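A.B. asks: Take a look at run11.cif, mmCIF, C-alpha atoms and all ligand atoms:
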data_query
#
loop_
_atom_site.label_atom_id
_atom_site.label_comp_id
_atom_site.auth_asym_id
_atom_site.auth_seq_id
_atom_site.Cartn_x
_atom_site.Cartn_y
_atom_site.Cartn_z
CA MET P 1 -17.84 -27.61 -18.47
CA GLU P 2 -18.59 -24.68 -16.17
CA HIS P 3 -15.84 -23.05 -14.09
CA PHE P 4 -16.31 -21.63 -10.58
CA ASP P 5 -14.12 -19.84 -8.08
CA CYS P 6 -15.36 -22.17 -5.31
CA VAL P 7 -17.35 -25.38 -5.34
CA VAL P 8 -18.87 -26.19 -1.94
CA ILE P 9 -19.74 -29.86 -1.48
CA GLY P 10 -22.53 -30.26 1.09
CA GLY P 11 -25.35 -27.76 1.52
CA GLY P 12 -26.07 -28.46 5.18
CA MET P 13 -25.95 -25.63 7.72
CA VAL P 14 -22.19 -25.07 7.42
CA GLY P 15 -21.83 -25.51 3.64
CA ALA P 16 -24.82 -23.26 2.90
CA ALA P 17 -23.50 -20.53 5.23
CA SER P 18 -20.08 -20.78 3.60
CA ALA P 19 -21.51 -20.48 0.07
CA LEU P 20 -23.24 -17.24 1.15
CA THR P 21 -20.21 -15.69 2.87
CA LEU P 22 -17.98 -16.44 -0.14
CA ALA P 23 -20.58 -15.04 -2.54
CA GLN P 24 -20.66 -11.91 -0.36
CA LEU P 25 -16.99 -11.42 -1.39
CA GLY P 26 -18.01 -11.44 -5.07
CA LEU P 27 -16.76 -14.98 -5.81
CA LYS P 28 -18.60 -17.25 -8.26
CA VAL P 29 -19.79 -20.20 -6.16
CA ALA P 30 -21.36 -23.61 -6.83
CA LEU P 31 -23.18 -25.44 -4.04
CA VAL P 32 -23.66 -29.21 -4.39
CA GLU P 33 -26.16 -31.01 -2.14
CA LYS P 34 -27.53 -34.56 -2.20
CA PHE P 35 -31.00 -33.80 -0.81
CA THR P 36 -33.45 -31.00 -1.66
CA PRO P 37 -34.34 -29.08 1.54
CA GLN P 38 -38.01 -29.52 2.45
CA ASP P 39 -40.23 -26.39 2.47
CA PHE P 40 -41.59 -25.10 5.79
CA SER P 41 -45.19 -24.98 6.94
CA ALA P 42 -46.29 -24.08 10.48
CA GLU P 43 -48.28 -27.35 10.82
CA GLN P 44 -45.14 -29.47 10.48
CA PRO P 45 -44.21 -31.17 13.77
CA LEU P 46 -40.98 -29.98 15.41
CA ASP P 47 -38.04 -31.88 13.92
CA LEU P 48 -35.90 -34.11 16.17
CA ARG P 49 -32.61 -32.56 15.05
CA VAL P 50 -32.22 -29.24 16.85
CA SER P 51 -29.16 -27.15 17.77
CA ALA P 52 -28.38 -24.72 20.54
CA ILE P 53 -27.27 -21.72 18.46
CA SER P 54 -24.78 -19.44 20.23
CA LEU P 55 -24.84 -15.63 20.09
CA ALA P 56 -21.86 -15.70 17.70
CA SER P 57 -23.69 -18.09 15.36
CA GLN P 58 -26.80 -15.90 15.51
CA ASN P 59 -24.63 -12.97 14.38
CA LEU P 60 -23.40 -14.97 11.39
CA LEU P 61 -26.99 -15.88 10.48
CA ILE P 62 -27.92 -12.19 10.70
CA GLN P 63 -24.94 -11.29 8.47
CA VAL P 64 -26.08 -13.65 5.71
CA GLY P 65 -29.75 -12.62 5.97
CA ALA P 66 -31.16 -15.89 7.37
CA TRP P 67 -31.96 -14.98 10.99
CA GLN P 68 -35.07 -12.88 10.35
CA GLN P 69 -36.70 -15.80 8.52
CA ILE P 70 -35.77 -18.31 11.25
CA LYS P 71 -37.34 -16.01 13.87
CA GLN P 72 -40.51 -15.67 11.81
CA TRP P 73 -40.78 -19.46 11.42
CA ARG P 74 -39.96 -20.74 14.90
CA CYS P 75 -37.12 -20.90 17.45
CA CYS P 76 -36.85 -20.74 21.23
CA PRO P 77 -34.55 -18.29 23.03
CA TYR P 78 -33.08 -19.36 26.37
CA LYS P 79 -31.69 -17.10 29.04
CA ARG P 80 -30.45 -19.54 31.66
CA LEU P 81 -28.38 -22.72 31.71
CA GLY P 82 -28.54 -25.07 34.73
CA VAL P 83 -25.91 -27.75 35.44
CA TRP P 84 -25.75 -30.16 38.38
CA GLU P 85 -25.05 -33.64 39.62
CA TYR P 86 -26.15 -33.21 43.25
CA GLU P 87 -28.92 -30.67 43.89
CA SER P 88 -26.69 -29.01 46.51
CA ALA P 89 -24.07 -28.22 43.83
CA TYR P 90 -26.59 -26.79 41.32
CA THR P 91 -24.93 -24.10 39.18
CA GLU P 92 -26.87 -21.68 37.02
CA PHE P 93 -25.46 -19.49 34.27
CA ASP P 94 -27.57 -16.44 33.39
CA ALA P 95 -27.42 -14.11 30.39
CA ASP P 96 -27.56 -11.17 32.84
CA ASN P 97 -24.07 -12.17 34.08
CA ILE P 98 -22.58 -11.34 30.68
CA GLU P 99 -24.94 -8.43 30.00
CA GLN P 100 -26.88 -10.19 27.25
CA SER P 101 -30.64 -10.65 26.84
CA HIS P 102 -30.25 -14.38 26.13
CA LEU P 103 -27.57 -17.09 25.89
CA GLY P 104 -28.74 -18.62 22.64
CA HIS P 105 -31.68 -20.14 20.74
CA ILE P 106 -32.81 -23.69 20.14
CA VAL P 107 -33.51 -24.02 16.42
CA GLU P 108 -34.38 -26.97 14.19
CA ASN P 109 -31.34 -27.77 11.99
CA ARG P 110 -33.48 -28.04 8.88
CA LEU P 111 -34.92 -24.53 9.38
CA ILE P 112 -31.42 -23.05 9.63
CA GLN P 113 -30.52 -24.83 6.40
CA LEU P 114 -33.74 -23.80 4.66
CA ALA P 115 -33.41 -20.12 5.64
CA LEU P 116 -29.84 -20.15 4.29
CA TRP P 117 -31.03 -21.76 1.04
CA GLN P 118 -33.70 -19.06 0.59
CA ASN P 119 -30.94 -16.45 0.64
CA ILE P 120 -28.79 -18.57 -1.69
CA THR P 121 -31.50 -18.56 -4.39
CA ALA P 122 -31.51 -14.75 -4.21
CA MET P 123 -27.74 -14.55 -4.98
CA SER P 124 -26.96 -14.35 -8.70
CA ASN P 125 -23.36 -15.57 -8.15
CA ILE P 126 -24.33 -18.90 -6.49
CA GLN P 127 -25.43 -21.81 -8.66
CA THR P 128 -26.96 -24.81 -6.86
CA PHE P 129 -26.59 -28.42 -7.98
CA CYS P 130 -29.30 -30.26 -6.06
CA PRO P 131 -30.07 -33.10 -5.81
CA GLU P 132 -26.54 -34.06 -6.89
CA SER P 133 -23.63 -35.92 -5.32
CA LEU P 134 -19.89 -35.71 -5.65
CA LEU P 135 -18.62 -38.80 -7.49
CA SER P 136 -14.94 -37.99 -8.08
CA LEU P 137 -12.42 -35.22 -7.51
CA LYS P 138 -9.16 -34.58 -9.40
CA GLN P 139 -6.64 -31.82 -8.68
CA ASP P 140 -3.92 -30.43 -10.94
CA ASP P 141 -1.75 -27.29 -10.82
CA ASN P 142 -4.42 -24.99 -12.28
CA LYS P 143 -7.76 -26.29 -11.09
CA ALA P 144 -9.81 -29.03 -9.44
CA THR P 145 -12.20 -31.07 -11.59
CA LEU P 146 -15.31 -32.47 -9.94
CA THR P 147 -17.58 -35.11 -11.43
CA LEU P 148 -21.10 -34.82 -10.02
CA THR P 149 -24.07 -37.12 -10.64
CA ASN P 150 -25.18 -35.16 -13.74
CA SER P 151 -22.42 -32.62 -14.47
CA VAL P 152 -18.70 -31.96 -14.48
CA VAL P 153 -17.41 -28.66 -13.06
CA THR P 154 -14.03 -27.12 -12.34
CA ALA P 155 -12.96 -24.84 -9.49
CA LYS P 156 -10.07 -22.87 -8.07
CA LEU P 157 -11.05 -24.08 -4.59
CA VAL P 158 -13.11 -27.06 -3.39
CA ILE P 159 -14.74 -26.79 0.03
CA GLY P 160 -15.66 -30.02 1.80
CA ALA P 161 -18.66 -29.27 4.03
CA ASP P 162 -20.11 -32.73 3.51
CA GLY P 163 -20.31 -33.82 7.13
CA ALA P 164 -18.63 -36.39 9.36
CA GLN P 165 -18.32 -39.04 6.59
CA SER P 166 -16.84 -36.46 4.19
CA LYS P 167 -16.17 -37.82 0.68
CA VAL P 168 -14.08 -34.73 -0.09
CA ARG P 169 -11.79 -35.57 2.85
CA GLN P 170 -11.51 -39.21 1.71
CA MET P 171 -10.96 -38.32 -1.98
CA SER P 172 -8.20 -35.87 -1.02
CA ALA P 173 -6.52 -38.57 1.12
CA ILE P 174 -6.66 -36.35 4.20
CA GLY P 175 -6.23 -38.61 7.22
CA MET P 176 -7.89 -38.13 10.60
CA THR P 177 -7.65 -39.17 14.22
CA GLY P 178 -10.56 -40.03 16.46
CA TRP P 179 -12.64 -42.66 18.18
CA ASP P 180 -16.19 -43.76 18.88
CA TYR P 181 -17.43 -43.04 22.41
CA PRO P 182 -18.86 -46.00 24.36
CA GLN P 183 -22.01 -43.92 24.87
CA SER P 184 -24.82 -43.04 22.46
CA ALA P 185 -27.34 -40.22 22.65
CA MET P 186 -31.07 -40.39 22.27
CA LEU P 187 -33.04 -37.34 21.16
CA ILE P 188 -36.65 -37.28 22.30
CA ASN P 189 -39.25 -34.64 21.43
CA VAL P 190 -41.89 -34.33 24.12
CA GLU P 191 -44.90 -32.29 25.15
CA THR P 192 -44.32 -30.92 28.65
CA SER P 193 -46.81 -29.92 31.32
CA MET P 194 -44.86 -26.64 31.65
CA CYS P 195 -45.27 -23.87 29.08
CA GLN P 196 -42.31 -22.56 27.00
CA GLN P 197 -39.22 -22.39 29.24
CA ASP P 198 -36.32 -19.90 29.22
CA ILE P 199 -33.87 -22.44 30.67
CA THR P 200 -31.88 -25.31 29.25
CA TRP P 201 -30.46 -27.75 31.80
CA GLN P 202 -28.17 -30.72 32.04
CA LYS P 203 -28.00 -33.15 34.99
CA PHE P 204 -24.87 -35.28 35.13
CA SER P 205 -24.66 -38.85 36.41
CA PRO P 206 -21.97 -41.55 36.03
CA THR P 207 -24.01 -43.26 33.27
CA GLY P 208 -24.10 -39.98 31.28
CA PRO P 209 -26.00 -36.70 31.41
CA VAL P 210 -29.66 -36.09 30.71
CA ALA P 211 -30.52 -32.73 29.18
CA PHE P 212 -33.54 -30.51 28.58
CA LEU P 213 -33.76 -28.04 25.69
CA PRO P 214 -36.88 -25.87 25.48
CA LEU P 215 -38.74 -25.83 22.16
CA PRO P 216 -41.11 -23.12 20.89
CA GLY P 217 -44.91 -23.20 20.90
CA LYS P 218 -47.91 -24.27 22.97
CA SER P 219 -49.07 -27.87 23.17
CA SER P 220 -52.27 -29.39 24.57
CA LEU P 221 -50.25 -30.33 27.70
CA GLY P 222 -48.41 -26.96 28.01
CA GLY P 223 -45.23 -26.65 25.92
CA TYR P 224 -42.63 -28.64 23.98
CA ALA P 225 -39.07 -29.74 24.70
CA SER P 226 -36.22 -31.75 23.27
CA LEU P 227 -34.68 -34.21 25.75
CA VAL P 228 -31.22 -35.69 25.30
CA TRP P 229 -30.39 -38.92 27.08
CA TYR P 230 -26.75 -40.10 27.06
CA HIS P 231 -26.07 -43.69 28.15
CA GLN P 232 -24.10 -46.82 27.26
CA ARG P 233 -24.82 -47.88 23.67
CA ASP P 234 -26.71 -51.07 24.65
CA GLU P 235 -28.99 -49.17 26.99
CA ILE P 236 -29.79 -46.54 24.33
CA THR P 237 -30.56 -49.36 21.85
CA ARG P 238 -32.94 -50.85 24.42
CA LEU P 239 -34.61 -47.48 25.09
CA ALA P 240 -34.96 -46.81 21.36
CA SER P 241 -36.83 -50.11 20.92
CA LEU P 242 -39.53 -49.17 23.48
CA SER P 243 -42.94 -47.84 22.51
CA ASN P 244 -43.51 -44.12 23.18
CA SER P 245 -45.58 -44.84 26.28
CA GLN P 246 -42.99 -47.26 27.70
CA LEU P 247 -40.22 -44.71 27.02
CA GLN P 248 -42.31 -42.07 28.78
CA GLN P 249 -42.35 -44.21 31.97
CA GLU P 250 -38.54 -44.65 31.79
CA ILE P 251 -38.03 -40.91 31.35
CA LEU P 252 -40.26 -40.08 34.31
CA LYS P 253 -38.23 -42.58 36.40
CA CYS P 254 -34.76 -41.36 35.37
CA PHE P 255 -35.03 -37.60 34.61
CA PRO P 256 -35.07 -35.06 37.47
CA ALA P 257 -38.35 -33.72 38.89
CA GLN P 258 -37.73 -30.33 37.15
CA LEU P 259 -39.00 -31.96 33.96
CA GLY P 260 -42.62 -32.22 35.17
CA ASP P 261 -45.08 -34.41 33.28
CA ILE P 262 -44.39 -35.30 29.63
CA LYS P 263 -45.75 -37.11 26.60
CA VAL P 264 -43.29 -38.61 24.08
CA LEU P 265 -43.83 -37.46 20.48
CA ALA P 266 -40.76 -38.69 18.58
CA LYS P 267 -37.36 -40.26 19.25
CA GLY P 268 -34.08 -41.21 17.53
CA ASP P 269 -30.69 -42.50 18.64
CA PHE P 270 -27.23 -41.35 17.54
CA LYS P 271 -23.74 -42.84 17.91
CA LEU P 272 -21.19 -40.41 19.34
CA THR P 273 -17.86 -40.01 17.60
CA ARG P 274 -14.85 -37.76 17.78
CA ARG P 275 -12.97 -37.10 14.55
CA HIS P 276 -10.32 -34.53 13.69
CA ALA P 277 -8.83 -34.18 10.20
CA ASN P 278 -5.01 -34.20 10.21
CA THR P 279 -5.07 -31.07 8.08
CA TYR P 280 -7.94 -28.74 7.10
CA GLN P 281 -6.36 -27.85 3.80
CA HIS P 282 -4.54 -29.75 1.05
CA LYS P 283 -3.69 -28.11 -2.29
CA ARG P 284 -7.08 -26.89 -3.66
CA VAL P 285 -9.22 -28.59 -1.03
CA LEU P 286 -10.34 -27.16 2.27
CA LEU P 287 -12.52 -28.70 5.00
CA LEU P 288 -15.18 -26.96 7.12
CA GLY P 289 -17.56 -28.03 9.90
CA ASP P 290 -18.09 -31.72 10.68
CA ALA P 291 -15.98 -32.70 7.66
CA ALA P 292 -12.99 -31.26 9.58
CA HIS P 293 -14.05 -32.01 13.17
CA THR P 294 -16.83 -34.02 14.81
CA ILE P 295 -17.24 -33.33 18.51
CA ASN P 296 -19.11 -34.94 21.42
CA PRO P 297 -22.44 -33.05 21.34
CA MET P 298 -22.66 -32.83 25.15
CA ALA P 299 -22.28 -29.04 25.20
CA GLY P 300 -24.02 -28.42 21.86
CA GLN P 301 -21.04 -26.85 20.09
CA GLY P 302 -20.69 -28.76 16.77
CA VAL P 303 -22.41 -26.40 14.38
CA ASN P 304 -21.25 -23.38 16.37
CA LEU P 305 -17.64 -24.41 15.68
CA GLY P 306 -18.55 -24.97 12.02
CA PHE P 307 -19.94 -21.42 11.78
CA LYS P 308 -16.72 -20.09 13.31
CA ASP P 309 -14.82 -21.93 10.52
CA VAL P 310 -17.08 -20.21 7.97
CA LEU P 311 -16.29 -16.75 9.35
CA ALA P 312 -12.55 -17.45 9.57
CA LEU P 313 -12.44 -18.55 5.94
CA GLN P 314 -14.36 -15.48 4.81
CA HIS P 315 -11.95 -13.32 6.82
CA VAL P 316 -8.73 -14.74 5.33
CA ILE P 317 -10.04 -14.66 1.76
CA ALA P 318 -11.38 -11.09 2.15
CA GLU P 319 -8.00 -10.00 3.54
CA ALA P 320 -6.14 -11.62 0.61
CA ILE P 321 -8.46 -9.98 -1.94
CA GLY P 322 -8.01 -6.64 -0.15
CA ASN P 323 -4.20 -7.01 -0.28
CA GLY P 324 -4.26 -7.96 -3.97
CA ASP P 325 -2.96 -11.50 -3.17
CA VAL P 326 -4.06 -14.67 -4.96
CA TRP P 327 -6.91 -15.56 -2.59
CA HIS P 328 -6.77 -19.32 -3.28
CA ASP P 329 -3.01 -19.58 -2.75
CA GLU P 330 -2.04 -22.35 -0.31
CA ALA P 331 -0.29 -19.85 1.95
CA VAL P 332 -3.52 -17.83 2.26
CA LEU P 333 -5.63 -20.92 2.93
CA ALA P 334 -3.13 -22.10 5.57
CA ARG P 335 -4.08 -18.99 7.59
CA TYR P 336 -7.62 -20.38 7.89
CA GLU P 337 -6.27 -23.56 9.46
CA LYS P 338 -4.04 -21.55 11.78
CA MET P 339 -7.07 -19.56 12.98
CA ARG P 340 -9.30 -22.57 13.55
CA ARG P 341 -7.36 -25.73 14.50
CA LYS P 342 -6.39 -24.70 18.03
CA ASP P 343 -9.85 -23.40 18.89
CA ASN P 344 -11.57 -26.56 17.59
CA LEU P 345 -9.08 -28.77 19.44
CA LEU P 346 -9.56 -26.83 22.67
CA MET P 347 -13.35 -27.26 22.53
CA MET P 348 -13.05 -30.97 21.64
CA SER P 349 -10.62 -31.61 24.49
CA THR P 350 -12.72 -29.61 26.99
CA MET P 351 -15.73 -31.77 26.09
CA ASP P 352 -13.67 -34.93 26.53
CA ALA P 353 -12.34 -33.77 29.91
CA LEU P 354 -15.92 -33.05 31.05
CA TYR P 355 -17.09 -36.39 29.68
CA ALA P 356 -14.25 -38.27 31.46
CA SER P 357 -14.71 -36.41 34.73
CA PHE P 358 -18.48 -36.87 34.91
CA SER P 359 -18.46 -40.52 33.86
CA HIS P 360 -15.73 -41.50 36.38
CA PRO P 361 -17.20 -43.90 38.97
CA SER P 362 -14.67 -43.10 41.77
CA PRO P 363 -16.47 -41.61 44.81
CA LEU P 364 -13.48 -39.30 45.35
CA ILE P 365 -13.76 -37.80 41.85
CA LYS P 366 -17.54 -37.54 42.31
CA VAL P 367 -17.03 -35.42 45.44
CA ALA P 368 -14.29 -33.36 43.73
CA ARG P 369 -16.42 -32.49 40.68
CA ASN P 370 -19.38 -31.47 42.85
CA LEU P 371 -17.12 -29.37 45.07
CA ALA P 372 -15.76 -27.69 41.93
CA LEU P 373 -19.31 -26.86 40.76
CA LEU P 374 -20.19 -25.63 44.25
CA ALA P 375 -17.09 -23.44 44.41
CA VAL P 376 -17.76 -21.89 41.01
CA ASN P 377 -21.27 -21.10 42.18
CA LYS P 378 -20.67 -19.90 45.71
CA VAL P 379 -17.18 -18.31 45.80
CA PRO P 380 -17.73 -14.74 44.51
CA VAL P 381 -14.31 -14.34 42.88
CA LEU P 382 -14.63 -17.67 41.02
CA ASN P 383 -18.23 -16.86 40.20
CA SER P 384 -17.37 -13.60 38.47
CA THR P 385 -14.22 -14.83 36.70
CA ILE P 386 -14.29 -18.55 35.79
CA LYS P 387 -18.08 -18.83 35.48
CA ASN P 388 -18.62 -15.73 33.37
CA LYS P 389 -15.56 -16.41 31.19
CA ALA P 390 -16.74 -19.98 30.55
CA LEU P 391 -20.18 -18.64 29.70
CA ALA P 392 -18.86 -16.03 27.27
CA TYR P 393 -16.67 -18.71 25.62
CA ALA P 394 -19.65 -21.09 25.21
CA CYS P 395 -21.65 -18.23 23.64
CA GLY P 396 -18.81 -17.69 21.17
CA LEU P 397 -18.16 -14.13 22.46
C1 LIG M 1 -27.25 -35.84 19.02
C2 LIG M 1 -26.59 -34.58 18.47
C3 LIG M 1 -26.93 -33.34 19.01
C4 LIG M 1 -26.29 -32.16 18.55
N1 LIG M 1 -26.62 -30.96 19.11
C5 LIG M 1 -25.95 -29.83 18.72
C6 LIG M 1 -26.23 -28.55 19.30
O1 LIG M 1 -27.09 -28.40 20.17
N2 LIG M 1 -25.50 -27.46 18.88
C7 LIG M 1 -24.52 -27.59 17.94
O2 LIG M 1 -23.86 -26.57 17.62
N3 LIG M 1 -24.27 -28.77 17.34
C8 LIG M 1 -24.95 -29.89 17.71
N4 LIG M 1 -24.68 -31.09 17.11
C9 LIG M 1 -23.68 -31.14 16.03
C10 LIG M 1 -24.27 -30.65 14.71
O3 LIG M 1 -25.46 -31.37 14.41
C11 LIG M 1 -23.24 -30.82 13.61
O4 LIG M 1 -22.03 -30.23 14.03
C12 LIG M 1 -23.73 -30.12 12.33
O5 LIG M 1 -24.87 -30.76 11.83
C13 LIG M 1 -22.62 -30.15 11.27
O6 LIG M 1 -23.07 -29.44 10.15
P1 LIG M 1 -22.35 -29.64 8.73
O7 LIG M 1 -23.09 -28.76 7.80
O8 LIG M 1 -20.88 -29.51 8.91
O9 LIG M 1 -22.59 -31.19 8.39
P2 LIG M 1 -23.95 -31.96 8.08
O10 LIG M 1 -25.06 -31.42 8.92
O11 LIG M 1 -23.63 -33.41 8.22
O12 LIG M 1 -24.27 -31.61 6.57
C14 LIG M 1 -23.56 -32.19 5.50
C15 LIG M 1 -24.37 -32.02 4.22
O13 LIG M 1 -23.62 -32.54 3.13
C16 LIG M 1 -24.46 -33.32 2.29
N5 LIG M 1 -23.60 -34.32 1.62
C17 LIG M 1 -22.92 -35.33 2.20
N6 LIG M 1 -22.20 -36.00 1.29
C18 LIG M 1 -22.43 -35.40 0.09
C19 LIG M 1 -21.97 -35.64 -1.25
N7 LIG M 1 -21.13 -36.65 -1.52
N8 LIG M 1 -22.42 -34.83 -2.24
C20 LIG M 1 -23.29 -33.82 -1.95
N9 LIG M 1 -23.73 -33.55 -0.72
C21 LIG M 1 -23.32 -34.32 0.30
C22 LIG M 1 -25.49 -33.92 3.24
O14 LIG M 1 -26.67 -34.29 2.58
C23 LIG M 1 -25.69 -32.76 4.24
O15 LIG M 1 -26.71 -31.89 3.84
C24 LIG M 1 -25.31 -32.26 17.54
C25 LIG M 1 -24.99 -33.51 16.98
C26 LIG M 1 -25.63 -34.66 17.44
C27 LIG M 1 -25.25 -36.00 16.83
#
Starting from the coordinates I provided, produce the structure as structure tokens.
C.D. replies:
Amino acid sequence: MEHFDCVVIGGGMVGAASALTLAQLGLKVALVEKFTPQDFSAEQPLDLRVSAISLASQNLLIQVGAWQQIKQWRCCPYKRLGVWEYESAYTEFDADNIEQSHLGHIVENRLIQLALWQNITAMSNIQTFCPESLLSLKQDDNKATLTLTNSVVTAKLVIGADGAQSKVRQMSAIGMTGWDYPQSAMLINVETSMCQQDITWQKFSPTGPVAFLPLPGKSSLGGYASLVWYHQRDEITRLASLSNSQLQQEILKCFPAQLGDIKVLAKGDFKLTRRHANTYQHKRVLLLGDAAHTINPMAGQGVNLGFKDVLALQHVIAEAIGNGDVWHDEAVLARYEKMRRKDNLLMMSTMDALYASFSHPSPLIKVARNLALLAVNKVPVLNSTIKNKALAYACGL
């Protein structure tokens, strides 16, 4: 039976990044993942699952050596972010306002994961168990024992980075609060008549927002984009059942004119949930990313929060090692939760407030939210304080 300092369950974007940051501290790490990441080739179509990666997340990916590879494969920087309900209250955030060259990048989730895994294979102190699953987890005073599909391993610390349905969370009897939103989201990859854009936009309406995320590359029509369509669950189920050409007609009817002409390439629908673990840490178990918190994806912050968890954990463990403390002591690990819980909760609650405000049918609230957008855009003092602060926060700065 092999012994590790840390066993990370789940080698998605957050788990893989965490394995690397812990290995950077000299710890002996095991990474357990159910599915082998697929290799990249430039002919592969753009994947449906993409994320808006903030500047702070880009910095983490640079730190662990994955960013250069992602840039060489493919990603799309964006410089501007447009938000509106009525055209007259259109608000635009620009990287120039916070003295940055861009606000973030749209990257396929699987390429982030794959670039991280390439760096993992180069680290002699990370052992991967893939494809393998966690079957059971036992904790005693000295260690945790994990039974995997084909092996049994022990660890000083178990990290649950196994996503929203986390088995680690369930096996450690960590409770959670949360709910399912009445809306679902549909992701649609399209060819657009416009070439690669430097703007991502979101138009709100009482039935839910529609969003445009630019994707890299040239298509026969012009460029590529990822569209996100939020609506009541039944309506998303109906849209998902349409053929690509029928869906195309619906998109052209319901999306704003800014979109231009499009051709649907691929689509998928997703239920929206909010979940928050009651604690991020229990004895020898610690939760990161979606295993600890699942957020409404409206502002594209889920993985960005997960990467902030990764950095916080690396920080508290590095500090403990530096001070000669037992790095896996519960008191040390509690500092991670202290650093992250409030920030995650603030982002989750901000998303819910936005969601509630923009889906409220009252004409009075409709006018109020558009006036608020207008004020933020047109009143210089609000423009330079609230707008730029909100922008810096969303970029993780
Ligand atoms: C529609 C939509 C759009 C989104 N857009 C954005 C965006 O623009 N920006 C953003 O920041 N976030 C976005 N998100 C959120 C983001 O996708 C998640 O926050 C992110 O994927 C969480 O990463 P993770 O590594 O924590 O979990 P996951 O991505 O769920 O990875 C978990 C990993 O654990 C593995 N695993 C699970 N169980 C086991 C087990 N028992 N044993 C071994 N391995 C296991 C899985 O195979 C998987 O690889 C969006 C989410 C949705 C639904």
A.B. asks: Can you tell me which residues surround region 300-305 of chain P at a distance of at most 7 Å, considering all atoms listed in the file, apart from same-chain residues fewer than 6 positions away, and format the answer as a PyMOL selection string?
C.D. replies: chain P and resi 51-54+57+289+294+344
A.B. asks: Once you count all atoms listed in the file, which residues end up within 8 Å of ligand LIG 1 (chain M), and could you hand them over as a short mmCIF file (atom, residue, chain, number, x, y, z; two decimals) with C-alpha atoms, in the coordinates of the input?
C.D. replies:
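pocket_0.cif was written with the following content:
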data_model
loop_
_atom_site.label_atom_id
_atom_site.label_comp_id
_atom_site.auth_asym_id
_atom_site.auth_seq_id
_atom_site.Cartn_x
_atom_site.Cartn_y
_atom_site.Cartn_z
CA ILE P 9 -19.74 -29.86 -1.48
CA GLY P 10 -22.53 -30.26 1.09
CA GLY P 11 -25.35 -27.76 1.52
CA GLY P 12 -26.07 -28.46 5.18
CA MET P 13 -25.95 -25.63 7.72
CA VAL P 14 -22.19 -25.07 7.42
CA GLY P 15 -21.83 -25.51 3.64
CA ALA P 16 -24.82 -23.26 2.90
CA VAL P 32 -23.66 -29.21 -4.39
CA GLU P 33 -26.16 -31.01 -2.14
CA LYS P 34 -27.53 -34.56 -2.20
CA PHE P 35 -31.00 -33.80 -0.81
CA ARG P 49 -32.61 -32.56 15.05
CA VAL P 50 -32.22 -29.24 16.85
CA SER P 51 -29.16 -27.15 17.77
CA ALA P 52 -28.38 -24.72 20.54
CA ILE P 53 -27.27 -21.72 18.46
CA SER P 54 -24.78 -19.44 20.23
CA ILE P 106 -32.81 -23.69 20.14
CA ASN P 109 -31.34 -27.77 11.99
CA PRO P 131 -30.07 -33.10 -5.81
CA GLU P 132 -26.54 -34.06 -6.89
CA SER P 133 -23.63 -35.92 -5.32
CA LEU P 134 -19.89 -35.71 -5.65
CA LEU P 135 -18.62 -38.80 -7.49
CA LEU P 148 -21.10 -34.82 -10.02
CA ALA P 161 -18.66 -29.27 4.03
CA ASP P 162 -20.11 -32.73 3.51
CA GLY P 163 -20.31 -33.82 7.13
CA ALA P 164 -18.63 -36.39 9.36
CA GLN P 165 -18.32 -39.04 6.59
CA SER P 166 -16.84 -36.46 4.19
CA LYS P 167 -16.17 -37.82 0.68
CA VAL P 168 -14.08 -34.73 -0.09
CA ALA P 185 -27.34 -40.22 22.65
CA MET P 186 -31.07 -40.39 22.27
CA LEU P 187 -33.04 -37.34 21.16
CA VAL P 228 -31.22 -35.69 25.30
CA ASP P 269 -30.69 -42.50 18.64
CA PHE P 270 -27.23 -41.35 17.54
CA LYS P 271 -23.74 -42.84 17.91
CA LEU P 272 -21.19 -40.41 19.34
CA LEU P 288 -15.18 -26.96 7.12
CA GLY P 289 -17.56 -28.03 9.90
CA ASP P 290 -18.09 -31.72 10.68
CA ALA P 291 -15.98 -32.70 7.66
CA THR P 294 -16.83 -34.02 14.81
CA ILE P 295 -17.24 -33.33 18.51
CA ASN P 296 -19.11 -34.94 21.42
CA PRO P 297 -22.44 -33.05 21.34
CA MET P 298 -22.66 -32.83 25.15
CA ALA P 299 -22.28 -29.04 25.20
CA GLY P 300 -24.02 -28.42 21.86
CA GLN P 301 -21.04 -26.85 20.09
CA GLY P 302 -20.69 -28.76 16.77
CA VAL P 303 -22.41 -26.40 14.38
CA ASN P 304 -21.25 -23.38 16.37
CA LEU P 305 -17.64 -24.41 15.68
CA GLY P 306 -18.55 -24.97 12.02
#
A.B. asks: Taking all atoms listed in the file into account, which of P:Leu157, P:Ile112, P:Ala144, P:Val190 comes nearest Val326 (chain P)?
C.D. replies: P:Leu157
A.B. asks: Measuring atom to atom with all atoms listed in the file, identify which of P:Ile188, P:Ala334, P:Leu61, P:Leu103 is nearest to Leu81 (chain P).
C.D. replies: P:Leu103
A.B. asks: From the options P:Gln63, P:Ser193, P:Gln248, P:Gln170, which residue's atoms come nearest to Asn278 (chain P), counting all atoms listed in the file?
C.D. replies: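 Nearest to Asn278 (chain P): P:Gln170.
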A.B. asks: Between CA of Gln113 (chain P) and CA of Gln100 (chain P), what is the distance in Å, rounded to a tenth?
C.D. replies: 25.7 Å
